[in-house]
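Quick look at entry-v1.cif (mmCIF, C-alpha atoms):
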data_final
#
loop_
_atom_site.label_atom_id
_atom_site.label_comp_id
_atom_site.auth_asym_id
_atom_site.auth_seq_id
_atom_site.Cartn_x
_atom_site.Cartn_y
_atom_site.Cartn_z
CA MET A 1 103.64 114.55 133.67
CA LYS A 2 103.17 114.97 137.39
CA ASN A 3 99.60 113.74 137.74
CA ARG A 4 97.63 111.26 135.74
CA ILE A 5 95.22 113.21 133.54
CA VAL A 6 91.64 111.99 133.81
CA LYS A 7 90.68 110.33 130.54
CA THR A 8 87.17 111.81 130.51
CA GLN A 9 88.68 115.30 130.68
CA ILE A 10 90.94 114.51 127.72
CA LEU A 11 87.99 113.20 125.71
CA GLU A 12 85.90 116.27 126.62
CA ALA A 13 88.73 118.58 125.50
CA CYS A 14 89.07 116.70 122.20
CA ILE A 15 85.32 116.85 121.63
CA GLN A 16 85.34 120.58 122.35
CA LYS A 17 88.23 121.08 119.91
CA GLN A 18 86.32 119.09 117.29
CA HIS A 19 83.21 121.25 117.80
CA GLU A 20 85.36 124.36 117.30
CA LEU A 21 86.78 122.89 114.09
CA ILE A 22 83.29 122.06 112.82
CA ASP A 23 82.04 125.57 113.63
CA ASN A 24 85.03 127.03 111.77
CA PHE A 25 84.26 124.91 108.68
CA LYS A 26 80.56 125.82 108.85
CA ASN A 27 81.42 129.53 108.98
CA ARG A 28 83.86 129.21 106.08
CA GLU A 29 81.31 127.22 104.11
CA ALA A 30 78.61 129.87 104.71
CA GLU A 31 81.00 132.67 103.65
CA MET A 32 82.01 130.76 100.52
CA ASN A 33 78.36 130.01 99.75
CA ASP A 34 77.53 133.71 99.92
CA ASP A 35 80.53 134.59 97.77
CA THR A 36 79.94 131.84 95.21
CA PHE A 37 76.26 132.47 94.70
CA SER A 38 76.18 136.24 95.06
CA GLN A 39 74.72 138.19 92.17
CA ASN A 40 77.52 140.78 92.14
CA GLU A 41 79.10 139.35 89.02
CA SER A 42 78.72 140.86 85.62
CA ALA A 43 77.88 138.72 82.62
CA SER A 44 81.38 139.24 81.28
CA GLN A 45 83.08 137.41 84.14
CA SER A 46 84.19 133.95 83.24
CA GLU A 47 82.61 130.75 84.42
CA ASP A 48 86.12 129.55 85.33
CA ARG A 49 86.15 131.76 88.44
CA ARG A 50 82.83 130.39 89.55
CA ALA A 51 84.02 126.82 88.87
CA GLY A 52 87.03 127.42 91.10
CA LYS A 53 84.74 128.68 93.84
CA TYR A 54 82.59 125.55 93.49
CA GLU A 55 85.68 123.38 93.88
CA LEU A 56 86.76 125.26 97.00
CA LEU A 57 83.24 125.09 98.42
CA LYS A 58 83.17 121.33 97.80
CA ALA A 59 86.57 120.92 99.48
CA ILE A 60 85.36 122.82 102.56
CA GLY A 61 82.21 120.69 102.58
CA ASP A 62 84.30 117.53 102.41
CA GLU A 63 86.47 118.73 105.31
CA LEU A 64 83.35 119.58 107.31
CA ALA A 65 81.90 116.11 106.69
CA PHE A 66 85.19 114.50 107.76
CA ALA A 67 85.31 116.61 110.95
CA GLN A 68 81.73 115.58 111.73
CA GLU A 69 82.62 111.90 111.20
CA GLU A 70 85.55 112.29 113.59
CA LEU A 71 83.27 113.91 116.18
CA ALA A 72 80.88 110.97 115.88
CA TYR A 73 83.85 108.61 116.35
CA LEU A 74 84.91 110.47 119.51
CA ASN A 75 81.37 110.26 120.85
CA ARG A 76 81.38 106.46 120.31
CA LEU A 77 84.86 105.92 121.74
CA ASP A 78 84.87 103.72 124.84
CA ILE A 79 87.25 105.29 127.33
CA THR A 80 85.99 103.31 130.32
CA LYS A 81 88.41 100.48 129.59
CA GLN A 82 91.69 100.56 131.51
CA ASN A 83 94.16 100.15 128.64
CA THR A 84 97.44 98.31 129.12
CA LEU A 85 98.24 98.33 125.39
CA VAL A 86 98.22 101.24 122.95
CA ALA A 87 94.79 101.12 121.30
CA PRO A 88 91.87 103.48 120.55
CA GLY A 89 90.82 105.32 123.71
CA ALA A 90 94.21 104.90 125.40
CA VAL A 91 96.34 107.63 126.92
CA VAL A 92 100.01 107.04 126.10
CA VAL A 93 102.57 108.86 128.23
CA THR A 94 106.09 109.13 126.85
CA GLU A 95 109.05 111.14 128.13
CA GLN A 96 108.34 113.76 125.43
CA PHE A 97 104.57 113.84 124.96
CA VAL A 98 101.22 112.60 126.16
CA PHE A 99 99.11 111.11 123.36
CA PHE A 100 95.41 110.31 123.28
CA ILE A 101 94.43 107.70 120.72
CA GLY A 102 91.24 108.95 119.10
CA VAL A 103 91.29 111.48 116.28
CA SER A 104 93.87 113.97 115.16
CA SER A 105 93.18 116.88 117.51
CA GLU A 106 96.58 118.48 117.31
CA LYS A 107 97.05 119.52 120.91
CA VAL A 108 94.65 120.19 123.75
CA GLU A 109 95.37 121.53 127.22
CA VAL A 110 94.03 119.50 130.13
CA ASP A 111 94.90 120.31 133.76
CA GLY A 112 97.92 122.30 132.63
CA GLU A 113 99.25 119.41 130.53
CA THR A 114 99.45 119.29 126.74
CA VAL A 115 97.89 116.22 125.16
CA PHE A 116 98.22 115.38 121.47
CA GLY A 117 95.22 113.65 119.96
CA ILE A 118 96.24 111.21 117.26
CA SER A 119 94.21 109.13 114.87
CA THR A 120 94.60 105.41 114.37
CA LYS A 121 95.41 106.36 110.76
CA ALA A 122 98.39 108.51 111.82
CA PRO A 123 101.81 107.12 110.90
CA ILE A 124 103.03 107.50 114.49
CA TYR A 125 100.16 105.30 115.69
CA ALA A 126 101.33 102.48 113.41
CA ASN A 127 104.67 102.58 115.26
CA MET A 128 103.13 102.41 118.74
CA ARG A 129 100.01 100.28 118.20
CA GLY A 130 99.83 97.34 120.59
CA LEU A 131 102.83 98.40 122.68
CA GLU A 132 102.79 98.51 126.47
CA LYS A 133 104.44 100.40 129.30
CA GLY A 134 108.23 100.17 129.03
CA SER A 135 108.18 99.65 125.26
CA LYS A 136 110.19 101.83 122.91
CA PHE A 137 109.33 103.03 119.44
CA GLN A 138 110.65 105.48 116.90
CA PHE A 139 108.87 107.96 114.69
CA ASN A 140 110.90 109.95 112.21
CA GLU A 141 114.13 110.72 114.06
CA THR A 142 112.60 110.74 117.55
CA HIS A 143 112.84 107.81 119.96
CA TYR A 144 110.07 107.34 122.52
CA LEU A 145 109.84 105.35 125.72
CA ILE A 146 106.31 104.57 126.86
CA GLU A 147 106.17 105.47 130.53
CA GLU A 148 102.49 104.70 131.01
CA VAL A 149 99.43 103.46 129.11
CA TYR A 150 95.97 103.79 130.58
#
Could you render the structure from this file as structure tokens?
Amino acid sequence: MKNRIVKTQILEACIQKQHELIDNFKNREAEMNDDTFSQNESASQSEDRRAGKYELLKAIGDELAFAQEELAYLNRLDITKQNTLVAPGAVVVTEQFVFFIGVSSEKVEVDGETVFGISTKAPIYANMRGLEKGSKFQFNETHYLIEEVY
């Protein structure tokens, strides 16, 4: 990483990604709703098919609710603090990746840099929680050196 990425830009990118995820779930839910409750079925079709559609619709609804909870968490996250330890709201720069401790956002692009949003529930977070610049940790087979925390 050449330049320090502004934390507010990272948070904005993660929030945008979360909005896109929520929109995707809402669209899928609407499509499934139409499919599940359409009147195109004949009386001879089994209730089992409809039950399976209900289960899928519920699963999408659950995922949507979780994505909305994560968006609310991001909106409450205090990023004004200058972190020296790995904690929620921190940016963690390693020789391999840049991590943002918030929610699992996969990856977002900010100022030409890739940032991986990770949740405090992620296994990798458990390995880096509370560490500071210069600390090392391992996740799976990969070793990381924390070059910066802010």
Inset, instruction - Would you please work out which residue, of A:Arg76, A:Lys81, A:Lys136, A:Lys107, is nearest to Cys14 (chain A) when using all atoms listed in the file? - result: A:Lys107
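Across the model, the gap from CA of Ile5 (chain A) to CA of Gln82 (chain A) is 13.3 Å.
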Inset, instruction - Using only C-alpha atoms, determine which residues lie at most 12 Å from Glu113 (chain A), disregarding the query and same-chain residues fewer than 4 positions distant; provide the list as a PyMOL selection string. - result: chain A and resi 1-6+9-10+13+93+96-99+107-109
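Comparing A:Asp62, A:Gly102, A:Gln16, A:Val115 by their smallest distance to Asp78 (chain A), the closest is A:Gly102 (using all atoms listed in the file).
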Inset, instruction - Can you work out the spacing between CA of Ile22 (chain A) and CA of Met128 (chain A) in Å, to one decimal? - result: 28.5 Å
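With all atoms listed in the file as the atoms that count, the residue of A:Leu57, A:Ile118, A:Val149, A:Ala30 with the shortest distance to Val91 (chain A) is A:Val149.
Among the candidates A:Lys53, A:Arg129, A:Asp111, A:Tyr144, the residue lying nearest to Glu31 (chain A) is A:Lys53 (atoms considered: only C-alpha atoms).
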Inset, instruction - Mind checking which residues fall within 8 Å of Glu95 (chain A), counting only C-alpha atoms, ignoring those fewer than 3 positions away in the same chain, and posting them as a list of chain:residue names? - result: A:Tyr144, A:Leu145, A:Ile146, A:Glu147
Legend entry - Surrounding residues of Gly89 (chain A) excluding itself and chain neighbours under 2 positions, 9 Å, all atoms listed in the file, as a VMD selection string: chain A and resid 7 11 74 77 to 81 83 86 to 87 91 100 to 102 150
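Interatomic distance, CA of Ser105 (chain A) to CA of Val92 (chain A): 14.7 Å.
Using only C-alpha atoms, the protein and nucleic acid residues lying no more than 9 Å from Ser104 (chain A), apart from those fewer than 5 places from it along its own chain, are Cys14, Glu70, Phe116, Gly117, Ile118, Ser119, Thr120, Lys121 and Ala122 of chain A.
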Inset, instruction - Using all atoms listed in the file, find the one residue out of A:Val103, A:Leu21, A:Leu131, A:Leu56 that sits nearest to Glu148 (chain A). - result: A:Leu131
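Among the candidates A:Asn24, A:Asp34, A:Phe139, A:Gly134, the one nearest to Glu63 (chain A) when counting all atoms listed in the file is A:Asn24.
With distances taken from (84.8, 116.1, 115.8) and restricted to only C-alpha atoms, the residues inside 7 Å are Ile15, Gln18, His19, Ile22, Ala67, Gln68, Glu69, Glu70, Leu71, Ala72 and Leu74 of chain A.
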